[in-house]
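**Student:** Dropping in query04.cif, which is mmCIF, C-alpha atoms:
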```cif
data_final
#
loop_
_atom_site.label_atom_id
_atom_site.label_comp_id
_atom_site.auth_asym_id
_atom_site.auth_seq_id
_atom_site.Cartn_x
_atom_site.Cartn_y
_atom_site.Cartn_z
CA MET A 854 0.00 0.00 0.00
CA THR A 855 1.30 3.40 -0.88
CA ALA A 856 0.41 6.30 1.31
CA ILE A 857 -0.15 9.58 -0.42
CA ALA A 858 1.11 12.24 1.95
CA PRO A 859 -1.77 14.55 2.72
CA ILE A 860 -1.19 18.25 2.41
CA ALA A 861 -1.25 19.53 5.94
CA ALA A 862 -3.30 22.51 6.91
CA ILE A 863 -1.61 25.73 5.86
CA GLU A 864 -0.01 27.50 8.79
CA LYS A 865 -0.90 31.15 9.08
CA HIS A 866 1.77 33.70 9.89
CA THR A 867 1.41 37.41 10.48
CA ASN A 868 4.95 38.47 9.57
CA PRO A 869 6.91 37.69 6.43
CA LEU A 870 8.66 34.36 6.94
CA LEU A 871 12.23 34.03 5.70
CA LEU A 872 13.38 30.51 4.86
CA PHE A 873 17.11 30.09 5.03
CA ASN A 874 19.54 27.31 4.31
CA ASP A 875 20.91 26.29 7.68
CA GLU A 876 23.68 24.24 6.08
CA CYS A 877 25.23 27.31 4.47
CA GLY A 878 27.52 29.52 6.54
CA ILE A 879 26.82 32.71 4.60
CA CYS A 880 23.05 32.09 4.71
CA ARG A 881 23.22 31.51 8.46
CA ALA A 882 25.19 34.71 8.96
CA ILE A 883 22.74 36.74 6.89
CA ALA A 884 19.78 35.19 8.67
CA HIS A 885 21.35 36.05 12.00
CA TRP A 886 21.86 39.64 10.88
CA VAL A 887 18.26 39.88 9.67
CA GLU A 888 17.03 38.45 12.95
CA LYS A 889 18.89 41.13 14.90
CA ALA A 890 17.91 43.93 12.56
CA ALA A 891 14.26 42.90 12.52
CA ARG A 892 13.94 43.02 16.29
CA LEU A 893 11.72 45.90 17.33
CA PRO A 894 12.16 47.91 20.55
CA SER A 895 8.96 46.34 21.84
CA GLY A 896 10.63 42.92 21.68
CA GLN A 897 8.57 41.78 18.73
CA THR A 898 10.07 41.06 15.36
CA GLY A 899 9.22 42.32 11.89
CA ILE A 900 10.38 39.20 10.07
CA ASP A 901 10.12 35.61 11.18
CA GLU A 902 12.76 33.11 10.21
CA ARG A 903 12.88 29.41 9.81
CA ALA A 904 15.50 26.93 8.67
CA ILE A 905 14.43 24.90 5.64
CA GLY A 906 15.14 21.60 7.34
CA ASP A 907 14.54 18.13 5.94
CA ASP A 908 10.80 17.69 5.94
CA PRO A 909 9.04 18.50 2.65
CA ASP A 910 5.63 18.09 4.28
CA ALA A 911 6.45 20.65 6.96
CA LEU A 912 7.35 23.13 4.23
CA ARG A 913 4.17 22.41 2.31
CA SER A 914 2.24 23.21 5.44
CA LEU A 915 3.60 26.75 5.11
CA ASN A 916 2.68 27.08 1.48
CA ALA A 917 1.25 24.34 -0.72
CA ASP A 918 3.40 25.46 -3.66
CA LEU A 919 6.64 25.40 -1.71
CA ASP A 920 9.07 22.77 -2.95
CA ILE A 921 11.94 21.82 -0.68
CA TRP A 922 14.41 21.45 -3.57
CA GLU A 923 13.63 24.97 -4.76
CA ALA A 924 13.79 26.28 -1.22
CA TYR A 925 17.40 25.11 -0.98
CA ALA A 926 18.22 26.49 -4.43
CA THR A 927 17.13 30.08 -3.81
CA ILE A 928 15.99 32.31 -0.97
CA HIS A 929 12.24 32.26 -0.27
CA LEU A 930 10.19 34.82 1.61
CA LEU A 931 6.65 33.76 2.45
CA MET A 932 4.29 36.68 2.74
CA PRO A 933 1.34 36.76 5.12
CA ASP A 934 -1.05 37.01 2.16
CA GLY A 935 0.09 33.59 0.93
CA SER A 936 2.36 34.81 -1.87
CA MET A 937 6.06 33.98 -2.15
CA LYS A 938 8.98 36.16 -3.14
CA LEU A 939 12.15 34.59 -4.46
CA GLY A 940 15.76 35.63 -4.99
CA GLY A 941 16.41 39.35 -5.37
CA GLU A 942 12.73 40.17 -4.88
CA ALA A 943 12.84 38.44 -1.51
CA VAL A 944 15.97 40.35 -0.52
CA ALA A 945 14.33 43.66 -1.46
CA GLU A 946 11.25 42.78 0.56
CA VAL A 947 13.39 41.88 3.57
CA LEU A 948 15.23 45.22 3.31
CA ARG A 949 11.90 47.03 3.10
CA ASN A 950 10.86 45.39 6.37
CA LEU A 951 13.97 46.29 8.34
CA ARG A 952 14.12 49.62 10.13
CA SER A 953 17.79 50.13 9.37
CA THR A 954 17.48 49.59 5.62
CA ARG A 955 14.01 50.90 4.93
CA TRP A 956 15.38 54.33 4.02
CA PHE A 957 16.99 53.11 0.81
CA ALA A 958 14.93 50.00 0.09
CA TRP A 959 12.25 52.08 -1.60
CA THR A 960 14.61 52.47 -4.56
CA PHE A 961 14.10 48.84 -5.51
CA ALA A 962 10.49 49.61 -6.40
CA LEU A 963 11.51 52.57 -8.55
CA SER A 964 10.39 51.96 -12.10
CA LEU A 965 11.48 53.81 -15.23
CA TRP A 966 9.34 52.93 -18.23
CA GLY A 967 8.63 49.54 -16.74
CA PHE A 968 12.29 48.86 -15.97
CA ARG A 969 13.44 48.68 -12.36
CA PRO A 970 17.18 49.46 -12.47
CA PHE A 971 17.94 49.03 -8.78
CA GLN A 972 15.94 45.84 -8.49
CA THR A 973 17.78 44.49 -11.53
CA MET A 974 21.10 45.32 -9.91
CA LEU A 975 19.97 43.62 -6.71
CA ASN A 976 18.89 40.54 -8.63
CA LEU A 977 22.30 40.45 -10.25
CA ALA A 978 24.06 40.89 -6.91
CA TYR A 979 21.99 38.07 -5.42
CA ALA A 980 22.81 35.83 -8.36
CA VAL A 981 26.52 36.52 -7.92
CA LEU A 982 26.35 35.86 -4.18
CA ALA A 983 24.43 32.64 -4.74
CA ASP A 984 27.12 31.57 -7.19
CA VAL A 985 30.05 32.19 -4.92
CA ARG A 986 28.45 30.58 -1.85
CA PRO A 987 29.95 27.16 -2.63
CA LEU A 988 33.42 28.65 -2.50
CA PHE A 989 32.84 29.72 1.08
CA GLY A 990 32.18 26.31 2.46
CA CYS A 991 28.58 25.60 1.58
CA GLU A 992 28.11 22.03 0.43
CA SER A 993 24.43 22.51 -0.24
CA CYS A 994 24.60 25.60 -2.40
CA GLY A 995 25.15 23.92 -5.73
CA THR A 996 27.84 23.90 -8.34
CA PRO A 997 29.47 27.23 -9.11
CA SER A 998 28.23 28.77 -12.33
CA VAL A 999 30.35 29.42 -15.40
CA GLY A 1000 31.84 32.66 -14.08
CA VAL A 1001 32.95 31.05 -10.86
CA ARG A 1002 34.08 27.81 -12.45
CA ALA A 1003 37.29 29.56 -13.46
CA ILE A 1004 38.30 29.00 -9.84
CA ARG A 1005 38.00 25.29 -10.46
CA SER A 1006 40.72 25.52 -13.09
CA MET A 1007 42.84 27.42 -10.60
CA VAL A 1008 42.26 24.69 -8.02
CA GLU A 1009 43.30 22.04 -10.51
CA TRP A 1010 46.35 24.06 -11.42
CA GLY A 1011 47.11 24.46 -7.72
CA ASN A 1012 46.77 20.72 -7.32
CA ARG A 1013 49.56 20.16 -9.82
CA MET A 1014 51.67 22.90 -8.28
CA PHE A 1015 51.25 21.79 -4.67
CA ARG A 1016 51.39 18.04 -5.27
CA GLY A 1017 47.82 17.13 -4.40
CA THR A 1018 47.24 19.47 -1.48
CA LEU A 1019 44.31 20.94 -3.38
CA GLU A 1020 41.91 18.76 -5.33
CA PRO A 1021 39.08 19.45 -7.78
CA LEU A 1022 35.46 19.49 -6.66
CA GLY A 1023 33.73 16.18 -6.10
CA ALA A 1024 30.31 14.95 -7.15
CA THR A 1025 28.89 14.03 -3.80
CA HIS A 1026 28.00 15.74 -0.58
CA SER A 1027 30.13 14.31 2.21
CA ILE A 1028 28.33 13.35 5.39
CA ASN A 1029 29.37 12.48 8.92
CA GLY A 1030 32.34 14.77 8.52
CA ILE A 1031 34.22 12.28 6.39
CA ALA A 1032 35.45 13.03 2.92
CA PRO A 1033 35.88 9.65 1.22
CA LYS A 1034 38.65 9.01 -1.22
CA GLY A 1035 37.72 10.18 -4.66
CA ILE A 1036 34.56 12.02 -3.66
CA GLY A 1037 33.54 14.92 -1.47
CA LYS A 1038 36.53 17.20 -2.00
CA TRP A 1039 34.82 20.28 -0.63
CA PRO A 1040 36.69 20.33 2.70
CA LYS A 1041 40.01 20.74 0.91
CA VAL A 1042 38.73 23.52 -1.31
CA ARG A 1043 37.15 25.08 1.75
CA ARG A 1044 40.47 24.96 3.52
CA ALA A 1045 42.19 26.72 0.66
CA VAL A 1046 39.53 29.40 0.34
CA GLY A 1047 39.14 29.62 4.11
CA SER A 1048 42.83 30.37 4.60
CA TRP A 1049 42.60 33.13 2.03
CA VAL A 1050 39.55 34.68 3.69
CA CYS A 1051 41.16 34.30 7.08
CA CYS A 1052 44.23 36.18 5.94
CA LEU A 1053 42.18 38.98 4.48
CA ARG A 1054 40.40 39.29 7.79
CA ARG A 1055 43.47 39.34 9.93
CA ARG A 1056 45.64 41.23 7.48
CA TRP A 1057 48.83 39.91 6.03
CA SER A 1058 51.01 40.72 9.01
CA SER A 1059 48.99 38.56 11.39
CA PRO A 1060 50.07 35.16 12.75
CA CYS A 1061 47.54 33.67 10.38
CA ALA A 1062 49.45 34.90 7.37
CA GLN A 1063 52.72 33.63 8.78
CA ALA A 1064 51.15 30.27 9.49
CA ARG A 1065 49.91 29.79 5.95
CA PRO A 1066 52.49 27.18 4.97
CA GLN A 1067 51.13 24.92 7.73
CA LEU A 1068 47.54 24.99 6.54
CA GLY A 1069 47.80 21.85 4.43
CA GLU A 1070 48.72 19.67 7.38
CA HIS A 1071 45.26 19.42 8.95
CA ASP A 1072 43.39 16.17 8.75
CA VAL A 1073 40.35 16.27 6.48
CA SER A 1074 38.09 14.72 9.08
CA VAL A 1075 38.68 17.70 11.31
CA HIS A 1076 37.02 19.94 8.76
CA GLY A 1077 33.93 17.87 8.01
CA LYS A 1078 30.72 19.10 9.58
CA ARG A 1079 32.28 21.57 11.97
CA GLY A 1080 31.73 25.17 11.25
CA ARG A 1081 34.57 26.90 9.45
CA SER A 1082 34.63 29.70 11.97
CA GLU A 1083 35.01 27.21 14.79
CA HIS A 1084 37.83 25.50 12.95
CA LEU A 1085 39.55 28.79 12.14
CA SER A 1086 39.29 30.05 15.68
CA GLU A 1087 40.89 26.86 16.91
CA ARG A 1088 43.65 27.24 14.37
CA HIS A 1089 44.24 30.80 15.47
CA ARG A 1090 44.50 29.70 19.06
CA ASN A 1091 47.09 27.14 18.06
CA ASP A 1092 48.92 29.66 15.97
CA ASP A 1093 48.89 32.17 18.79
CA ARG A 1094 50.28 29.57 21.11
CA ASP A 1095 53.06 28.70 18.68
CA TYR A 1096 54.02 32.30 18.20
CA ALA A 1097 53.85 33.00 21.90
CA ARG A 1098 56.41 30.28 22.47
CA ILE A 1099 58.99 31.85 20.24
CA GLU A 1100 58.28 35.37 21.38
CA GLU A 1101 60.94 36.81 23.62
CA LEU A 1102 59.56 38.34 26.80
CA PRO A 1103 60.32 41.99 27.48
CA ARG A 1104 62.78 42.71 30.22
CA HIS A 1105 60.23 44.05 32.73
CA GLU A 1106 58.10 40.96 32.25
CA ARG A 1107 61.09 38.66 32.77
CA LYS A 1108 61.99 40.53 35.95
CA ARG A 1109 58.43 40.35 37.21
CA ARG A 1110 58.33 36.59 36.65
CA GLN A 1111 61.73 36.05 38.23
CA ALA A 1112 60.57 37.96 41.28
CA ALA A 1113 57.39 35.96 41.42
CA ASP A 1114 59.36 32.71 41.12
CA ALA A 1115 61.63 33.81 43.95
CA ARG A 1116 58.60 34.49 46.12
CA GLY A 1117 56.95 31.25 45.05
CA ASP A 1118 53.90 33.25 44.12
CA GLU A 1119 52.16 31.19 41.43
CA LYS A 1120 49.43 33.77 40.90
CA ALA A 1121 51.89 36.56 40.20
CA ARG A 1122 53.73 34.18 37.87
CA THR A 1123 50.67 34.17 35.59
CA PRO A 1124 51.68 35.95 32.43
CA ALA A 1125 50.56 39.43 31.69
CA ARG A 1126 48.21 39.75 28.77
CA GLY A 1127 49.92 39.43 25.41
CA HIS A 1128 53.12 37.85 26.68
CA GLY A 1129 52.07 34.52 28.04
CA THR A 1130 52.69 31.02 27.01
CA ASP A 1131 49.62 29.50 28.66
CA PHE A 1132 46.89 30.47 26.32
CA GLY A 1133 44.87 27.41 27.22
CA GLY A 1134 41.71 26.55 25.27
CA MET B 75 -10.02 2.29 10.58
CA THR B 76 -8.83 3.53 13.93
CA ASN B 77 -6.34 6.31 14.36
CA GLU B 78 -3.84 3.82 15.71
CA THR B 79 -4.14 1.64 12.62
CA GLN B 80 -3.86 4.63 10.34
CA GLU B 81 -0.73 5.76 12.13
CA ARG B 82 0.81 2.29 11.85
CA ASP B 83 0.03 2.10 8.13
CA ARG B 84 1.55 5.50 7.61
CA ASN B 85 4.76 4.45 9.36
CA LEU B 86 5.09 1.24 7.37
CA SER B 87 4.09 2.58 3.97
CA PRO B 88 6.37 4.47 1.64
CA ILE B 89 5.53 8.13 1.50
CA LEU B 90 4.69 9.34 -1.97
CA THR B 91 4.04 12.98 -2.55
CA ALA B 92 2.04 14.23 -5.46
CA GLY B 93 3.97 14.32 -8.75
CA GLU B 94 6.78 12.08 -7.48
CA ARG B 95 7.67 8.64 -8.70
CA ILE B 96 10.29 7.87 -6.07
CA ARG B 97 8.94 7.00 -2.70
CA THR B 98 10.55 7.85 0.60
CA VAL B 99 11.18 4.95 2.95
CA THR B 100 11.94 5.21 6.62
CA GLY B 101 13.91 3.00 8.92
CA LYS B 102 10.69 1.25 9.93
CA SER B 103 9.57 0.41 6.42
CA PHE B 104 13.01 -0.23 4.88
CA HIS B 105 13.20 -3.90 5.81
CA ARG B 106 9.76 -4.74 4.49
CA LEU B 107 9.91 -2.71 1.29
CA VAL B 108 13.52 -3.15 0.28
CA LEU B 109 15.05 -6.20 1.89
CA GLU B 110 12.00 -8.46 1.76
CA ASP B 111 11.19 -7.52 -1.80
CA GLY B 112 12.09 -10.26 -4.28
CA GLY B 113 12.65 -8.00 -7.26
CA PRO B 114 15.19 -5.37 -8.18
CA VAL B 115 15.06 -2.34 -5.94
CA VAL B 116 17.01 0.89 -6.22
CA VAL B 117 17.49 3.04 -3.14
CA GLU B 118 18.83 6.56 -3.32
CA PHE B 119 20.47 7.79 -0.14
CA MET B 120 20.12 11.54 -0.29
CA SER B 121 19.42 14.69 1.66
CA TYR B 122 17.43 17.70 0.59
CA GLY B 123 20.27 20.03 1.47
CA CYS B 124 22.62 18.31 -0.97
CA ALA B 125 23.25 20.19 -4.19
CA HIS B 126 24.31 17.10 -6.10
CA CYS B 127 21.09 15.35 -5.10
CA ARG B 128 19.18 18.38 -6.32
CA MET B 129 21.01 18.14 -9.62
CA ILE B 130 20.18 14.52 -10.31
CA GLU B 131 16.65 14.60 -8.86
CA PRO B 132 14.88 15.39 -12.18
CA LEU B 133 16.98 12.74 -13.89
CA LEU B 134 16.07 10.17 -11.27
CA GLN B 135 12.41 11.01 -11.73
CA LYS B 136 12.79 10.44 -15.47
CA VAL B 137 14.64 7.17 -14.94
CA ALA B 138 11.99 6.07 -12.43
CA GLU B 139 9.39 6.66 -15.14
CA MET B 140 11.46 4.70 -17.67
CA VAL B 141 11.99 1.66 -15.43
CA LYS B 142 8.51 1.73 -13.96
CA GLY B 143 7.22 -1.80 -13.61
CA GLN B 144 10.69 -3.34 -13.80
CA LYS B 145 12.38 -1.82 -10.79
CA LYS B 146 11.16 -0.16 -7.66
CA MET B 147 12.83 3.06 -6.62
CA PHE B 148 12.94 4.47 -3.14
CA ARG B 149 14.78 7.23 -1.42
CA VAL B 150 16.21 7.43 2.09
CA ASN B 151 16.82 10.82 3.65
CA VAL B 152 20.13 10.36 5.45
CA ALA B 153 19.59 13.52 7.49
CA ILE B 154 16.74 11.70 9.23
CA GLU B 155 17.65 8.04 8.78
CA GLN B 156 21.21 8.22 10.05
CA GLU B 157 21.11 4.66 11.31
CA LEU B 158 20.43 3.35 7.80
CA ALA B 159 23.23 5.55 6.46
CA ASP B 160 25.60 4.00 9.00
CA ILE B 161 24.47 0.46 8.27
CA TYR B 162 25.10 0.89 4.55
CA ALA B 163 28.29 2.91 5.08
CA ILE B 164 27.06 5.92 3.16
CA ARG B 165 29.99 8.33 2.91
CA GLY B 166 28.41 10.91 0.64
CA THR B 167 25.17 11.74 -1.06
CA PRO B 168 23.72 10.94 -3.51
CA THR B 169 24.55 7.24 -3.28
CA LEU B 170 22.46 4.76 -5.21
CA ILE B 171 22.36 1.22 -3.90
CA MET B 172 20.86 -1.53 -5.99
CA PHE B 173 19.28 -4.51 -4.22
CA SER B 174 18.19 -7.80 -5.66
CA ASN B 175 16.37 -10.27 -3.42
CA GLY B 176 17.33 -8.12 -0.48
CA THR B 177 21.05 -8.29 -1.27
CA GLU B 178 23.14 -5.37 -2.38
CA VAL B 179 24.31 -5.99 -5.93
CA GLY B 180 25.86 -2.64 -6.70
CA ARG B 181 26.19 0.94 -5.72
CA ALA B 182 27.01 4.25 -7.39
CA ALA B 183 28.23 7.26 -5.44
CA GLY B 184 27.72 10.60 -7.13
CA PRO B 185 26.85 9.52 -10.67
CA SER B 186 27.33 12.12 -13.38
CA PRO B 187 24.22 14.24 -13.74
CA THR B 188 23.29 12.92 -17.17
CA LEU B 189 20.37 10.70 -18.02
CA ALA B 190 22.60 8.06 -19.62
CA ALA B 191 24.94 7.91 -16.63
CA VAL B 192 22.14 7.62 -14.08
CA LEU B 193 20.28 5.02 -16.15
CA SER B 194 23.45 3.03 -16.63
CA ALA B 195 24.31 3.20 -12.92
CA ILE B 196 20.88 1.85 -12.05
CA THR B 197 20.50 -0.87 -14.65
CA ARG B 198 24.01 -2.27 -14.99
CA PRO B 199 24.18 -4.11 -11.62
CA PHE B 200 21.06 -6.11 -12.51
CA GLU B 201 22.39 -7.35 -15.87
#
```
Would you mind giving the structure from this file in structure tokens?

**Tutor:**
Amino acid sequence: MTAIAPIAAIEKHTNPLLLFNDECGICRAIAHWVEKAARLPSGQTGIDERAIGDDPDALRSLNADLDIWEAYATIHLLMPDGSMKLGGEAVAEVLRNLRSTRWFAWTFALSLWGFRPFQTMLNLAYAVLADVRPLFGCESCGTPSVGVRAIRSMVEWGNRMFRGTLEPLGATHSINGIAPKGIGKWPKVRRAVGSWVCCLRRRWSSPCAQARPQLGEHDVSVHGKRGRSEHLSERHRNDDRDYARIEELPRHERKRRQAADARGDEKARTPARGHGTDFGG
Amino acid sequence: MTNETQERDRNLSPILTAGERIRTVTGKSFHRLVLEDGGPVVVEFMSYGCAHCRMIEPLLQKVAEMVKGQKKMFRVNVAIEQELADIYAIRGTPTLIMFSNGTEVGRAAGPSPTLAAVLSAITRPFE
């Protein structure tokens, strides 16, 4: 017997409902920003949010026309009147509903002889962002489009140059944090791109930049399902610790520690901020 | 039919949503529908958040239409059925596993997203 899944009763919502891909780091960050920006002084919120999740029936209960595959492919905003806005239109609607962006969001509705220049630019910007998402560690965002695929050639070139440290993109989505041999190469690409982003963030003179040659030594399984930010922060801690070890203490700090050692005062022996070796976890 | 009976039937029956030819099986119904079935059965281990699964989904629907009556096709959502994913050592999605008389006769991890490749991956193990 085959059960036909019944369409559940449509859930009513009073605010626009933003569906976001909770497996994508950029999407999560944007959703978090929207959540904060949509919070009203009264404690209420102007936009509700919900992760897409894994249940197609639960999504259909929000809107009968909502397909879970499409929800993962592009941003969806469900309006209280039952309509849906997708892609750049959804972004414009979100910006119109936020207090901090409302002042310029009206431009997206501006129409010149039936052509909406700002909305078109926003659609283009959204399309570009959606294309580059996979390069920032999103396994569920799809294959990069033609413009971004040039990076793939660079990765393959890098693979030859760096003797297999980098590898081309795979055809499967790795699960359980394990990238099997021959498939699921995203973690390695993520590592390469992640190190580049990390260095931009911390500037080239930071320990991160100096630690770049060591980035290929991490085990792939470490990268799997853990968030990139978590992984990077751990790496920075390790880097900081390494650099702290080779850093020579200033004279006043050495004297202070020698005095503390002479007194047997363990508390005073604790390093001053910025010069310690015990950075802990 | 009582509510209890309806609930039991729902748990043990494959879930088929409108317009789909591939049915979703759960851990409860997997044994009965896949392993106890005498004929050829194809199971796709997938997750909705997987871009590669999204890419081959329309192709799988087409292939399911082409092999209708010869092979049964099911899907397992590994995000929910993690135990099944562990049992069958699923390392990435999409992974297609072909069963015959309840025994695995072949598998294809991440087939190329072309109709020929998907059809070949599904039919070859049964030849």

**Student:** Run the PyMOL selection byres ((chain B and resi 154) around 12) against the file shown and list the residues it catches, as a list in words.

**Tutor:**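 So the PyMOL selection byres ((chain B and resi 154) around 12), applied here, picks out Gly906, Asp907 and Asp908 of chain A; Thr98, Val99, Thr100, Gly101, Phe119, Met120, Ser121, Tyr122, Gly123, Arg149, Val150, Asn151, Val152, Ala153, Glu155, Gln156, Glu157, Leu158, Ala159 and Asp160 of chain B.
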
**Student:** Apply the PyMOL selection byres ((chain A and resi 903) around 7) to the displayed file and report the matching residues as a list in words.

**Tutor:**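 With the shown file as input, the PyMOL selection byres ((chain A and resi 903) around 7) matches Leu871, Leu872, Phe873, Asp901, Glu902, Ala904 and Ile905 of chain A.
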
**Student:** For chain A, which residue among B:Met129, B:Val137, B:Cys124, B:Asn175 is the nearest when counting only C-alpha atoms?

**Tutor:**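 Smallest separation from chain A among the options: B:Cys124.
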
**Student:** Restricting the calculation to all atoms listed in the file: of B:Arg198, B:Lys142, B:Lys102, B:Arg97, which residue gets closest to chain A?

**Tutor:** B:Arg97

**Student:** Need to verify the contact set: Asn950 in chain A, 9 Å, all atoms listed in the file, exclusion of same-chain residues closer than 4 positions in sequence. Can you return it as a list of chain:residue names?

**Tutor:**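 Close residues of Asn950 in chain A: A:Pro869, A:Ala891, A:Gly899, A:Ile900, A:Ala945, A:Glu946, A:Thr954, A:Arg955, A:Ala958.
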
**Student:** If I put a ball of radius 6 Å at (25.4, 3.4, -5.2) in the file's coordinates, which residues poke into it when counting all atoms listed in the file, written as a ChimeraX atom specification?

**Tutor:** /B:169-171,181-183

**Student:** Selected by the PyMOL selection byres ((chain B and resi 114) around 8) in the shown coordinates: which residues, as a list in words?

**Tutor:** Asp111, Gly112, Gly113, Val115, Val116, Gln144, Lys145, Lys146, Met172, Phe173, Ser174, Asn175 and Phe200 of chain B

**Student:** Quick one: pull the distance between CA of Glu923 in chain A and CA of Phe968 in chain A, Å, one decimal.

**Tutor:**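 Answer for the CA of Glu923 in chain A to CA of Phe968 in chain A separation: 26.4 Å.
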
**Student:** When you draw a straight line from CA of Met932 in chain A to CA of Asp920 in chain A, how long is it in Å?

**Tutor:**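 Going from CA of Met932 in chain A over to CA of Asp920 in chain A covers 15.8 Å.
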
**Student:** What is the distance between CA of Asn868 in chain A and CA of Arg949 in chain A, in Å to one decimal?

**Tutor:**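 If I compute the distance from CA of Asn868 in chain A to CA of Arg949 in chain A, I get 12.8 Å.
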
**Student:** For a quick check of understanding, using all atoms listed in the file, which of A:Pro970, A:Gly940, A:Pro909, A:Gly1117 has the smallest distance to chain B?

**Tutor:**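 Using all atoms listed in the file, chain B sits closest to A:Pro909.
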
**Student:** Of the candidates B:Pro132, B:Pro185, B:Gly176, B:Pro199, which shows the shortest atom-to-atom distance to Phe104 in chain B, using only C-alpha atoms?

**Tutor:**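 Closest to Phe104 in chain B of all the choices is B:Gly176.
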
**Student:** Using all atoms listed in the file, which residue out of B:Gly166, B:Gly180, B:Gly143, B:Pro187 lies closest to chain A?

**Tutor:**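 Closest to chain A, using all atoms listed in the file: B:Gly166.
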
**Student:** Using all atoms listed in the file, can you tell me which of A:Lys889, A:Thr867, A:Ala917, A:His929 comes closest to chain B?

**Tutor:**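 Among the listed residues, the smallest separation from chain B belongs to A:Ala917.
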